Protein chains: 2
Amino acid sequence: MEIQGLHGRLLADLGPAIASGEIPEGTVLRSEELEARYGVSRTVVREAVRVLEAMRLVASRRRVGTTVQPREAWDVFDPLVIRWRLAGADRAAQLSSLGGLRIAVEPVAAALAAAQASEDHCRELSALAVELTVTARSGDLQEFLRHDIAFHALVLRASGNEMFAHLADAVGAVLTGRTEHELMPHHPARYAVALHREVAEAVCAQDAAAAERAMRAIVTGALEELAPTLAEQA
Amino acid sequence: MEIQGLHGRLLADLGPAIASGEIPEGTVLRSEELEARYGVSRTVVREAVRVLEAMRLVASRRRVGTTVQPREAWDVFDPLVIRWRLAGADRAAQLSSLGGLRIAVEPVAAALAAAQASEDHCRELSALAVELTVTARSGDLQEFLRHDIAFHALVLRASGNEMFAHLADAVGAVLTGRTEHELMPHHPARYAVALHREVAEAVCAQDAAAAERAMRAIVTGALEELAPTLAEQA
DNA sequence: CACTTGAATAAGTCATACCTTTGGAGTCAT
DNA sequence: ATGACTCCAAAGGTATGACTTATTCAAGTG
């Protein structure tokens, strides 16, 4: 994703460097310097900088150069910024922010999904819950992850709110990060799997309140399990 | 904001046109054509297109051109995309999506703010509640709006979650839109003002549950008041 | 009919020249 | 010394022409 062309390469190099704090706030990047450093033309540098500017990672002014902006200015909802931060030194902060967002959004999404659930959604969700149960028991973390992501994405989509649906990628990134960085036990907690089943059942029963409760338990549990790791990195 | 330079002008013209559906999904824009239409150079066109591409509004491929992407692909959390959609034909859909997001986030933000409220936050919030009460009575909608935006932004910031804080702009845009388009009564509802006072008091008392309840009442109320207008436009 | 080949097309890249803004040095008068 | 004014140089912004590369589509070939 987003690795097309030279400007893509620049972006894939500069973005993470800035997002991780490797290039600190206030640093001034001159076009000429970037051209030389990456051996590319003005055109390429300018396009990459434009994109970074749209993300509010940098701001360019005449006679000054492109300045790395303070964290507060960054567009923290941009998918690329989220990914870059998750990959770098800011991982802890990004995970806790996303955790908070999940606590806010996912329970409401589950309630909405239950309130207007179609048979298809019910079927798919139930099937995913079964897969989660099976792969959790067998300890196949990769498959478990795949289905976990699909489960949460489906709930977000079934909410009928396009903005909720777009958070699926971010949630997926969080779940992936959790698995990749060994931040979770080798056998997913039994209670978590049970809660996923509860969500699926509540959605099928169009019981909004129950769906919301179960989902809230899932996401608060996820954040709590992460808390020690976050504290350790801070 | 974002009106600097020629590429900024292009963006300010193309962005809204796409976001409003005026330029429909699937439309192919050729660089040369855009150069001619706006009387600018390739450089400018390419930079504008790059930014639109980062927002996933368009995708450019060799030998084909830059194609307008379907709505589902758009980065609906991008501040500019939100603003453009609010200004155009998609306003109703965007308002209802944002309304849903507010219902999810703001109550949780209020609870967090209450749980870790500082004296400063309490003071500021109380002051804003007073201003809201006064300007509501006098019917000064512009001032009321200003303070309303500040109130919600402060709660989001006081939550301590950077992602919540970044939603302040979007919430501000919703509130502004509501006032500008005469979608609200000339004297803000008395119960709404009372609820804002309740939020402020709950935060000062560090009563998370009460703050969450009051805020939830505010945002659900806001969405319900909007419902008839939304239905009418759909 | 499938498969290869080739030409046309539009984006991507580079190099260069020139314009425009603006920070800051230098100057001068108070 | 302090303030205001002038002017220059630095860096981004824009325009343009030449060239590269990927990709589609169609013609040709087995």
# chains A, B, ... in the order shown; residues from 1 in each chain; ligands from 1
$ interface_residues --of "chain B" --to "chain D" --cutoff "9 Å" --atoms "only C-alpha atoms (C1' of nucleotides)" --output "tab-separated table (two decimals) with C-alpha atoms, in the first residue's frame"
chain	number	residue	atom	x	y	z
B	5	GLY	CA	-0.58	28.46	-3.55
B	6	LEU	CA	-2.08	27.35	-6.81
B	40	VAL	CA	-1.76	25.86	-14.38
B	41	SER	CA	1.32	23.75	-14.87
B	42	ARG	CA	1.79	20.03	-14.50
B	43	THR	CA	3.63	20.56	-11.24
B	44	VAL	CA	0.60	22.14	-9.65
B	61	ARG	CA	-2.85	4.82	-12.76
B	62	ARG	CA	-0.58	5.00	-15.70
B	63	ARG	CA	-2.13	4.96	-19.11
B	64	VAL	CA	-5.56	5.46	-17.52
$ closest_atom_pairs --of "chain C" --to "chain A" --cutoff "10 Å" --atoms "only C-alpha atoms (C1' of nucleotides)" --output "tab-separated table"
residue	atom	partner	partner_atom	distance
C:DG12	C1'	A:Gly5	CA	7.5
C:DT13	C1'	A:Ser41	CA	7.3
C:DC14	C1'	A:Ser41	CA	6.0
C:DA15	C1'	A:Ser41	CA	8.2
C:DT20	C1'	A:Arg62	CA	9.0
C:DT21	C1'	A:Arg62	CA	6.2
C:DT22	C1'	A:Arg63	CA	5.9
C:DG23	C1'	A:Arg63	CA	7.0
$ write_last_selection --atoms "C-alpha atoms (C1' of nucleotides)" --output "short mmCIF file (atom, residue, chain, number, x, y, z; two decimals), in the first residue's frame"
data_model
loop_
_atom_site.label_atom_id
_atom_site.label_comp_id
_atom_site.auth_asym_id
_atom_site.auth_seq_id
_atom_site.Cartn_x
_atom_site.Cartn_y
_atom_site.Cartn_z
"C1'" DG C 12 6.03 9.36 -13.72
"C1'" DT C 13 10.60 11.43 -13.52
"C1'" DC C 14 14.29 14.71 -14.42
"C1'" DA C 15 16.63 19.08 -15.30
"C1'" DT C 20 7.63 35.27 -5.30
"C1'" DT C 21 7.75 35.57 -0.62
"C1'" DT C 22 10.11 36.52 3.54
"C1'" DG C 23 13.64 36.38 7.27
#
$ select_by_dssp --residues "range 57-218 of chain B" --states "strand (DSSP E or B)" --output "PyMOL selection string"
chain B and resi 58-61+65-68
$ residues_around --residues "range 94-105 of chain A" --least-positions-apart "2" --cutoff "6 Å" --atoms "only C-alpha atoms (C1' of nucleotides)" --output "ChimeraX atom specification"
/A:91-92,107-108,219,223 /B:104-105,108,161
$ write_last_selection --atoms "C-alpha atoms" --output "PDB file, in the first residue's frame"
ATOM      1  CA  ARG A  91       3.546   2.652  19.753  1.00  0.00           C
ATOM      2  CA  ALA A  92       2.477   2.727  23.378  1.00  0.00           C
ATOM      3  CA  PRO A 107     -19.942  -0.966  22.090  1.00  0.00           C
ATOM      4  CA  VAL A 108     -22.132   1.608  20.363  1.00  0.00           C
ATOM      5  CA  VAL A 219     -12.663  -3.807  24.581  1.00  0.00           C
ATOM      6  CA  LEU A 223      -7.149  -2.313  27.126  1.00  0.00           C
TER       7      LEU A 223
ATOM      8  CA  ALA B 104     -20.081   7.135  20.913  1.00  0.00           C
ATOM      9  CA  VAL B 105     -17.200   9.393  21.841  1.00  0.00           C
ATOM     10  CA  VAL B 108     -16.897   8.527  27.197  1.00  0.00           C
ATOM     11  CA  ASN B 161      -7.032  11.052  24.755  1.00  0.00           C
TER      12      ASN B 161
END
$ select_by_dssp --residues "range 15-230 of chain A" --states "alpha helix (DSSP H)" --output "NGL selection string"
:A and (15-19 or 31-38 or 42-54 or 79-87 or 91-115 or 119-138 or 141-158 or 162-166 or 168-180 or 190-204 or 208-230)
$ residues_around --residues "range 173-182 of chain B" --least-positions-apart "3" --cutoff "10 Å" --atoms "only C-alpha atoms (C1' of nucleotides)" --output "list of chain:residue names"
B:Pro79, B:Ile82, B:Arg83, B:Leu86, B:Ala87, B:Arg91, B:Gln94, B:Leu95, B:Ser96, B:Leu98, B:Gly99, B:Arg102, B:Leu141, B:Gln142, B:Phe144, B:Leu145, B:Arg146, B:Asp148, B:Ile149, B:His152, B:Leu167, B:Ala168, B:Asp169, B:Ala170, B:Pro185, B:His186, B:Ala222, B:Leu226
$ write_last_selection --atoms "N, CA, C and O atoms" --output "short mmCIF file (atom, residue, chain, number, x, y, z; two decimals), in the first residue's frame"
data_model
loop_
_atom_site.label_atom_id
_atom_site.label_comp_id
_atom_site.auth_asym_id
_atom_site.auth_seq_id
_atom_site.Cartn_x
_atom_site.Cartn_y
_atom_site.Cartn_z
N PRO B 79 -10.00 15.75 7.90
CA PRO B 79 -10.70 17.01 8.22
C PRO B 79 -11.23 17.72 6.99
O PRO B 79 -12.36 18.23 7.00
N ILE B 82 -14.23 15.87 5.53
CA ILE B 82 -15.41 16.13 6.37
C ILE B 82 -16.00 17.50 6.03
O ILE B 82 -17.20 17.64 5.80
N ARG B 83 -15.12 18.49 5.96
CA ARG B 83 -15.63 19.83 5.68
C ARG B 83 -16.28 19.90 4.30
O ARG B 83 -17.36 20.47 4.14
N LEU B 86 -19.64 18.25 4.31
CA LEU B 86 -20.62 19.05 5.04
C LEU B 86 -21.11 20.22 4.20
O LEU B 86 -22.24 20.67 4.35
N ALA B 87 -20.25 20.70 3.31
CA ALA B 87 -20.62 21.86 2.51
C ALA B 87 -21.44 21.49 1.29
O ALA B 87 -22.04 22.35 0.66
N ARG B 91 -24.24 16.46 2.75
CA ARG B 91 -24.29 17.02 4.10
C ARG B 91 -25.08 16.14 5.06
O ARG B 91 -24.66 15.87 6.19
N GLN B 94 -23.22 12.98 6.07
CA GLN B 94 -22.07 13.29 6.92
C GLN B 94 -22.51 13.70 8.32
O GLN B 94 -21.91 13.31 9.31
N LEU B 95 -23.58 14.48 8.39
CA LEU B 95 -24.07 14.91 9.70
C LEU B 95 -24.54 13.71 10.52
O LEU B 95 -24.28 13.64 11.73
N SER B 96 -25.19 12.77 9.88
CA SER B 96 -25.69 11.64 10.66
C SER B 96 -24.54 10.73 11.09
O SER B 96 -24.53 10.22 12.21
N LEU B 98 -21.46 11.74 11.69
CA LEU B 98 -20.78 12.45 12.76
C LEU B 98 -21.61 12.42 14.03
O LEU B 98 -21.07 12.32 15.14
N GLY B 99 -22.92 12.50 13.87
CA GLY B 99 -23.80 12.41 15.03
C GLY B 99 -23.59 11.10 15.76
O GLY B 99 -23.49 11.06 16.99
N ARG B 102 -20.35 11.19 17.58
CA ARG B 102 -20.44 12.00 18.80
C ARG B 102 -21.08 11.20 19.92
O ARG B 102 -20.63 11.25 21.07
N LEU B 141 -26.98 33.89 18.74
CA LEU B 141 -26.60 32.56 18.26
C LEU B 141 -25.12 32.44 17.94
O LEU B 141 -24.51 31.40 18.15
N GLN B 142 -24.52 33.50 17.42
CA GLN B 142 -23.10 33.44 17.06
C GLN B 142 -22.23 33.20 18.29
O GLN B 142 -21.34 32.34 18.29
N PHE B 144 -23.28 32.08 21.19
CA PHE B 144 -23.65 30.78 21.74
C PHE B 144 -22.85 29.68 21.05
O PHE B 144 -22.25 28.82 21.69
N LEU B 145 -22.80 29.76 19.73
CA LEU B 145 -22.07 28.76 18.95
C LEU B 145 -20.60 28.70 19.36
O LEU B 145 -20.05 27.63 19.59
N ARG B 146 -20.00 29.88 19.45
CA ARG B 146 -18.58 29.95 19.82
C ARG B 146 -18.32 29.22 21.14
O ARG B 146 -17.40 28.42 21.27
N ASP B 148 -20.31 27.06 22.63
CA ASP B 148 -20.71 25.65 22.54
C ASP B 148 -19.53 24.84 22.00
O ASP B 148 -19.17 23.79 22.53
N ILE B 149 -18.93 25.36 20.93
CA ILE B 149 -17.76 24.69 20.34
C ILE B 149 -16.64 24.57 21.36
O ILE B 149 -16.05 23.51 21.54
N HIS B 152 -17.41 21.82 24.06
CA HIS B 152 -17.21 20.43 23.64
C HIS B 152 -15.74 20.14 23.36
O HIS B 152 -15.24 19.06 23.67
N LEU B 167 -11.02 15.20 17.50
CA LEU B 167 -12.37 15.23 16.95
C LEU B 167 -13.04 16.58 17.20
O LEU B 167 -14.13 16.84 16.71
N ALA B 168 -12.36 17.42 17.97
CA ALA B 168 -12.94 18.72 18.30
C ALA B 168 -13.29 19.51 17.04
O ALA B 168 -14.35 20.14 16.97
N ASP B 169 -12.40 19.48 16.06
CA ASP B 169 -12.66 20.22 14.82
C ASP B 169 -13.93 19.72 14.13
O ASP B 169 -14.75 20.52 13.68
N ALA B 170 -14.05 18.41 14.06
CA ALA B 170 -15.22 17.84 13.39
C ALA B 170 -16.50 18.23 14.14
O ALA B 170 -17.49 18.62 13.53
N PRO B 185 -33.44 26.04 16.52
CA PRO B 185 -34.34 27.13 16.91
C PRO B 185 -33.53 28.38 17.27
O PRO B 185 -32.35 28.29 17.59
N HIS B 186 -34.18 29.52 17.19
CA HIS B 186 -33.45 30.75 17.44
C HIS B 186 -33.03 30.90 18.89
O HIS B 186 -32.07 31.58 19.20
N ALA B 222 -29.17 16.09 20.35
CA ALA B 222 -28.76 16.82 19.15
C ALA B 222 -29.07 16.03 17.89
O ALA B 222 -29.59 16.57 16.91
N LEU B 226 -32.01 16.65 14.81
CA LEU B 226 -31.59 16.73 13.42
C LEU B 226 -32.36 15.74 12.55
O LEU B 226 -32.49 15.95 11.33
#
$ residues_around --residues "Gly221 in chain B" --least-positions-apart "4" --cutoff "10 Å" --atoms "only C-alpha atoms (C1' of nucleotides)" --output "list in words"
Ile103, Tyr191, Ala192, Met215, Arg216, Ala217, Glu225, Leu226 and Ala227 of chain B
$ write_last_selection --atoms "all heavy atoms" --output "CSV table (one decimal), in the first residue's frame"
chain,number,residue,atom,x,y,z
B,103,ILE,N,-22.2,10.5,19.6
B,103,ILE,CA,-22.8,9.7,20.6
B,103,ILE,C,-21.9,8.7,21.2
B,103,ILE,O,-22.0,8.4,22.4
B,103,ILE,CB,-24.1,9.0,20.0
B,103,ILE,CG1,-25.2,10.0,19.7
B,103,ILE,CG2,-24.6,7.9,20.9
B,103,ILE,CD1,-26.4,9.4,19.1
B,191,TYR,N,-33.4,22.9,27.9
B,191,TYR,CA,-32.9,21.6,28.5
B,191,TYR,C,-31.4,21.4,28.1
B,191,TYR,O,-30.6,20.8,28.9
B,191,TYR,CB,-33.8,20.5,28.2
B,191,TYR,CG,-33.5,19.8,26.8
B,191,TYR,CD1,-32.6,18.8,26.7
B,191,TYR,CD2,-34.1,20.3,25.7
B,191,TYR,CE1,-32.4,18.2,25.5
B,191,TYR,CE2,-33.9,19.8,24.5
B,191,TYR,CZ,-33.0,18.7,24.4
B,191,TYR,OH,-32.7,18.1,23.1
B,192,ALA,N,-31.1,21.8,26.9
B,192,ALA,CA,-29.7,21.5,26.4
B,192,ALA,C,-28.7,22.3,27.3
B,192,ALA,O,-27.7,21.8,27.7
B,192,ALA,CB,-29.6,21.9,25.0
B,215,MET,N,-23.8,14.2,29.2
B,215,MET,CA,-23.2,14.3,27.8
B,215,MET,C,-24.0,13.5,26.9
B,215,MET,O,-24.3,13.9,25.7
B,215,MET,CB,-21.8,14.0,27.8
B,215,MET,CG,-21.1,14.3,26.5
B,215,MET,SD,-21.2,16.0,25.9
B,215,MET,CE,-19.7,16.7,26.5
B,216,ARG,N,-24.3,12.3,27.3
B,216,ARG,CA,-25.1,11.4,26.4
B,216,ARG,C,-26.4,12.0,26.0
B,216,ARG,O,-26.9,12.0,24.9
B,216,ARG,CB,-25.3,10.0,27.0
B,216,ARG,CG,-26.0,9.1,26.1
B,216,ARG,CD,-25.9,7.6,26.5
B,216,ARG,NE,-24.6,7.1,26.2
B,216,ARG,CZ,-23.7,6.6,27.1
B,216,ARG,NH1,-24.1,6.5,28.3
B,216,ARG,NH2,-22.5,6.1,26.7
B,217,ALA,N,-27.0,12.6,27.0
B,217,ALA,CA,-28.3,13.3,26.8
B,217,ALA,C,-28.2,14.4,25.8
B,217,ALA,O,-29.0,14.6,24.9
B,217,ALA,CB,-28.9,13.8,28.1
B,225,GLU,N,-32.9,15.9,17.2
B,225,GLU,CA,-33.4,17.2,16.7
B,225,GLU,C,-33.1,17.3,15.2
B,225,GLU,O,-33.8,17.9,14.4
B,225,GLU,CB,-32.8,18.4,17.4
B,225,GLU,CG,-33.5,18.6,18.8
B,225,GLU,CD,-32.8,19.8,19.5
B,225,GLU,OE1,-32.0,20.5,18.9
B,225,GLU,OE2,-33.0,19.9,20.7
B,226,LEU,N,-32.0,16.7,14.8
B,226,LEU,CA,-31.6,16.7,13.4
B,226,LEU,C,-32.4,15.7,12.5
B,226,LEU,O,-32.5,15.9,11.3
B,226,LEU,CB,-30.1,16.4,13.3
B,226,LEU,CG,-29.3,17.4,12.5
B,226,LEU,CD1,-29.5,18.8,12.9
B,226,LEU,CD2,-27.8,17.0,12.6
B,227,ALA,N,-32.9,14.7,13.2
B,227,ALA,CA,-33.5,13.6,12.4
B,227,ALA,C,-34.5,14.1,11.3
B,227,ALA,O,-34.4,13.6,10.2
B,227,ALA,CB,-34.1,12.6,13.4
$ residues_around --residues "Leu112 in chain A" --least-positions-apart "3" --cutoff "8 Å" --atoms "only C-alpha atoms (C1' of nucleotides)" --output "PyMOL selection string"
chain A and resi 108-109+115-116+158-160+208
$ write_last_selection --atoms "N, CA, C and O atoms" --output "CSV table (one decimal), in the first residue's frame"
chain,number,residue,atom,x,y,z
A,108,VAL,N,-21.0,0.9,21.1
A,108,VAL,CA,-22.1,1.6,20.4
A,108,VAL,C,-22.4,1.0,19.0
A,108,VAL,O,-23.5,0.8,18.6
A,109,ALA,N,-21.3,0.6,18.3
A,109,ALA,CA,-21.4,0.0,17.0
A,109,ALA,C,-22.1,-1.4,17.2
A,109,ALA,O,-23.0,-1.7,16.4
A,115,ALA,N,-29.4,-3.6,16.6
A,115,ALA,CA,-30.7,-3.0,16.3
A,115,ALA,C,-31.2,-3.2,14.9
A,115,ALA,O,-32.4,-3.2,14.6
A,116,GLN,N,-30.3,-3.3,14.0
A,116,GLN,CA,-30.7,-3.4,12.6
A,116,GLN,C,-30.0,-4.5,11.9
A,116,GLN,O,-29.6,-4.4,10.7
A,158,ALA,N,-21.6,-3.4,10.2
A,158,ALA,CA,-23.0,-3.7,10.4
A,158,ALA,C,-23.7,-2.6,11.1
A,158,ALA,O,-24.9,-2.5,11.2
A,159,SER,N,-22.9,-1.7,11.8
A,159,SER,CA,-23.5,-0.6,12.5
A,159,SER,C,-24.2,0.4,11.6
A,159,SER,O,-25.1,1.1,12.0
A,160,GLY,N,-23.8,0.3,10.3
A,160,GLY,CA,-24.5,1.2,9.3
A,160,GLY,C,-23.9,2.6,9.3
A,160,GLY,O,-24.3,3.4,8.5
A,208,ALA,N,-29.9,-5.1,21.5
A,208,ALA,CA,-28.9,-4.1,21.5
A,208,ALA,C,-28.1,-3.9,22.8
A,208,ALA,O,-26.9,-3.8,22.8
$ residues_around --residues "Ala150 in chain B" --least-positions-apart "3" --cutoff "9 Å" --atoms "only C-alpha atoms (C1' of nucleotides)" --output "list of chain:residue names"
B:Leu125, B:Leu128, B:Leu145, B:Arg146, B:His147, B:Ala153, B:Leu154, B:Val155, B:Ala168, B:Gly172
$ atom_distance --atom1 "CA of Gly21 in chain A" --atom2 "CA of Asp78 in chain A"
16.9 Å
$ atom_distance --atom1 "CA of His196 in chain A" --atom2 "CA of Ala165 in chain A"
18.2 Å
$ closest_residue --among "B:Ala117, B:Ile218, B:Cys122, B:Leu11" --to "chain A" --atoms "only C-alpha atoms"
B:Leu11
$ closest_residue --among "B:Ala231, B:Ala110, B:Ala36, B:Val203" --to "chain A" --atoms "only C-alpha atoms"
B:Ala110
$ decode --residues "range 75-101 of chain B" --atoms "N, CA, C and O atoms" --output "PDB file, in the first residue's frame"
ATOM      1  N   ASP B  75     -11.309   8.629   2.704  1.00  0.00           N
ATOM      2  CA  ASP B  75     -10.858   8.709   4.086  1.00  0.00           C
ATOM      3  C   ASP B  75     -11.782   9.670   4.842  1.00  0.00           C
ATOM      4  O   ASP B  75     -11.505  10.851   4.975  1.00  0.00           O
ATOM      5  N   VAL B  76     -12.882   9.110   5.326  1.00  0.00           N
ATOM      6  CA  VAL B  76     -13.934   9.962   5.900  1.00  0.00           C
ATOM      7  C   VAL B  76     -13.539  10.667   7.187  1.00  0.00           C
ATOM      8  O   VAL B  76     -14.295  11.485   7.705  1.00  0.00           O
ATOM      9  N   PHE B  77     -12.347  10.347   7.696  1.00  0.00           N
ATOM     10  CA  PHE B  77     -11.898  11.034   8.902  1.00  0.00           C
ATOM     11  C   PHE B  77     -11.002  12.221   8.597  1.00  0.00           C
ATOM     12  O   PHE B  77     -10.641  12.973   9.486  1.00  0.00           O
ATOM     13  N   ASP B  78     -10.642  12.379   7.330  1.00  0.00           N
ATOM     14  CA  ASP B  78      -9.808  13.519   6.969  1.00  0.00           C
ATOM     15  C   ASP B  78     -10.597  14.812   7.169  1.00  0.00           C
ATOM     16  O   ASP B  78     -11.707  14.955   6.667  1.00  0.00           O
ATOM     17  N   PRO B  79     -10.000  15.754   7.905  1.00  0.00           N
ATOM     18  CA  PRO B  79     -10.700  17.005   8.223  1.00  0.00           C
ATOM     19  C   PRO B  79     -11.230  17.716   6.985  1.00  0.00           C
ATOM     20  O   PRO B  79     -12.358  18.227   7.002  1.00  0.00           O
ATOM     21  N   LEU B  80     -10.447  17.727   5.921  1.00  0.00           N
ATOM     22  CA  LEU B  80     -10.899  18.415   4.714  1.00  0.00           C
ATOM     23  C   LEU B  80     -12.063  17.686   4.066  1.00  0.00           C
ATOM     24  O   LEU B  80     -13.019  18.313   3.615  1.00  0.00           O
ATOM     25  N   VAL B  81     -11.971  16.365   4.025  1.00  0.00           N
ATOM     26  CA  VAL B  81     -13.066  15.592   3.435  1.00  0.00           C
ATOM     27  C   VAL B  81     -14.350  15.857   4.221  1.00  0.00           C
ATOM     28  O   VAL B  81     -15.420  16.066   3.636  1.00  0.00           O
ATOM     29  N   ILE B  82     -14.234  15.866   5.527  1.00  0.00           N
ATOM     30  CA  ILE B  82     -15.410  16.133   6.366  1.00  0.00           C
ATOM     31  C   ILE B  82     -16.001  17.500   6.028  1.00  0.00           C
ATOM     32  O   ILE B  82     -17.204  17.635   5.798  1.00  0.00           O
ATOM     33  N   ARG B  83     -15.119  18.489   5.958  1.00  0.00           N
ATOM     34  CA  ARG B  83     -15.627  19.831   5.676  1.00  0.00           C
ATOM     35  C   ARG B  83     -16.283  19.897   4.305  1.00  0.00           C
ATOM     36  O   ARG B  83     -17.364  20.465   4.144  1.00  0.00           O
ATOM     37  N   TRP B  84     -15.617  19.316   3.315  1.00  0.00           N
ATOM     38  CA  TRP B  84     -16.162  19.359   1.955  1.00  0.00           C
ATOM     39  C   TRP B  84     -17.513  18.669   1.873  1.00  0.00           C
ATOM     40  O   TRP B  84     -18.428  19.145   1.213  1.00  0.00           O
ATOM     41  N   ARG B  85     -17.631  17.537   2.548  1.00  0.00           N
ATOM     42  CA  ARG B  85     -18.908  16.822   2.489  1.00  0.00           C
ATOM     43  C   ARG B  85     -19.993  17.612   3.202  1.00  0.00           C
ATOM     44  O   ARG B  85     -21.148  17.645   2.773  1.00  0.00           O
ATOM     45  N   LEU B  86     -19.638  18.251   4.311  1.00  0.00           N
ATOM     46  CA  LEU B  86     -20.618  19.046   5.042  1.00  0.00           C
ATOM     47  C   LEU B  86     -21.107  20.218   4.199  1.00  0.00           C
ATOM     48  O   LEU B  86     -22.237  20.673   4.346  1.00  0.00           O
ATOM     49  N   ALA B  87     -20.253  20.695   3.311  1.00  0.00           N
ATOM     50  CA  ALA B  87     -20.619  21.861   2.507  1.00  0.00           C
ATOM     51  C   ALA B  87     -21.435  21.487   1.288  1.00  0.00           C
ATOM     52  O   ALA B  87     -22.043  22.351   0.664  1.00  0.00           O
ATOM     53  N   GLY B  88     -21.454  20.204   0.949  1.00  0.00           N
ATOM     54  CA  GLY B  88     -22.089  19.819  -0.308  1.00  0.00           C
ATOM     55  C   GLY B  88     -23.343  18.990  -0.148  1.00  0.00           C
ATOM     56  O   GLY B  88     -24.011  19.039   0.886  1.00  0.00           O
ATOM     57  N   ALA B  89     -23.635  18.242  -1.177  1.00  0.00           N
ATOM     58  CA  ALA B  89     -24.875  17.484  -1.234  1.00  0.00           C
ATOM     59  C   ALA B  89     -24.890  16.330  -0.238  1.00  0.00           C
ATOM     60  O   ALA B  89     -25.953  15.836   0.136  1.00  0.00           O
ATOM     61  N   ASP B  90     -23.707  15.932   0.191  1.00  0.00           N
ATOM     62  CA  ASP B  90     -23.609  14.806   1.119  1.00  0.00           C
ATOM     63  C   ASP B  90     -23.821  15.236   2.565  1.00  0.00           C
ATOM     64  O   ASP B  90     -23.614  14.443   3.479  1.00  0.00           O
ATOM     65  N   ARG B  91     -24.237  16.463   2.755  1.00  0.00           N
ATOM     66  CA  ARG B  91     -24.287  17.016   4.103  1.00  0.00           C
ATOM     67  C   ARG B  91     -25.082  16.139   5.059  1.00  0.00           C
ATOM     68  O   ARG B  91     -24.657  15.868   6.187  1.00  0.00           O
ATOM     69  N   ALA B  92     -26.242  15.695   4.616  1.00  0.00           N
ATOM     70  CA  ALA B  92     -27.100  14.910   5.500  1.00  0.00           C
ATOM     71  C   ALA B  92     -26.399  13.646   5.984  1.00  0.00           C
ATOM     72  O   ALA B  92     -26.354  13.367   7.187  1.00  0.00           O
ATOM     73  N   ALA B  93     -25.813  12.910   5.046  1.00  0.00           N
ATOM     74  CA  ALA B  93     -25.134  11.666   5.407  1.00  0.00           C
ATOM     75  C   ALA B  93     -23.981  11.939   6.361  1.00  0.00           C
ATOM     76  O   ALA B  93     -23.794  11.227   7.355  1.00  0.00           O
ATOM     77  N   GLN B  94     -23.219  12.984   6.072  1.00  0.00           N
ATOM     78  CA  GLN B  94     -22.069  13.295   6.919  1.00  0.00           C
ATOM     79  C   GLN B  94     -22.512  13.697   8.319  1.00  0.00           C
ATOM     80  O   GLN B  94     -21.908  13.310   9.310  1.00  0.00           O
ATOM     81  N   LEU B  95     -23.581  14.480   8.394  1.00  0.00           N
ATOM     82  CA  LEU B  95     -24.075  14.906   9.703  1.00  0.00           C
ATOM     83  C   LEU B  95     -24.539  13.708  10.516  1.00  0.00           C
ATOM     84  O   LEU B  95     -24.284  13.643  11.731  1.00  0.00           O
ATOM     85  N   SER B  96     -25.194  12.767   9.882  1.00  0.00           N
ATOM     86  CA  SER B  96     -25.687  11.644  10.663  1.00  0.00           C
ATOM     87  C   SER B  96     -24.539  10.734  11.086  1.00  0.00           C
ATOM     88  O   SER B  96     -24.528  10.220  12.208  1.00  0.00           O
ATOM     89  N   SER B  97     -23.532  10.579  10.213  1.00  0.00           N
ATOM     90  CA  SER B  97     -22.360   9.794  10.617  1.00  0.00           C
ATOM     91  C   SER B  97     -21.666  10.448  11.803  1.00  0.00           C
ATOM     92  O   SER B  97     -21.323   9.789  12.790  1.00  0.00           O
ATOM     93  N   LEU B  98     -21.460  11.741  11.685  1.00  0.00           N
ATOM     94  CA  LEU B  98     -20.778  12.454  12.756  1.00  0.00           C
ATOM     95  C   LEU B  98     -21.610  12.421  14.033  1.00  0.00           C
ATOM     96  O   LEU B  98     -21.068  12.323  15.137  1.00  0.00           O
ATOM     97  N   GLY B  99     -22.916  12.496  13.867  1.00  0.00           N
ATOM     98  CA  GLY B  99     -23.798  12.412  15.035  1.00  0.00           C
ATOM     99  C   GLY B  99     -23.589  11.098  15.762  1.00  0.00           C
ATOM    100  O   GLY B  99     -23.487  11.063  16.995  1.00  0.00           O
ATOM    101  N   GLY B 100     -23.517  10.026  14.986  1.00  0.00           N
ATOM    102  CA  GLY B 100     -23.276   8.717  15.588  1.00  0.00           C
ATOM    103  C   GLY B 100     -21.943   8.669  16.311  1.00  0.00           C
ATOM    104  O   GLY B 100     -21.830   8.132  17.424  1.00  0.00           O
ATOM    105  N   LEU B 101     -20.938   9.256  15.688  1.00  0.00           N
ATOM    106  CA  LEU B 101     -19.614   9.281  16.305  1.00  0.00           C
ATOM    107  C   LEU B 101     -19.635  10.075  17.610  1.00  0.00           C
ATOM    108  O   LEU B 101     -19.037   9.674  18.612  1.00  0.00           O
TER     109      LEU B 101
END
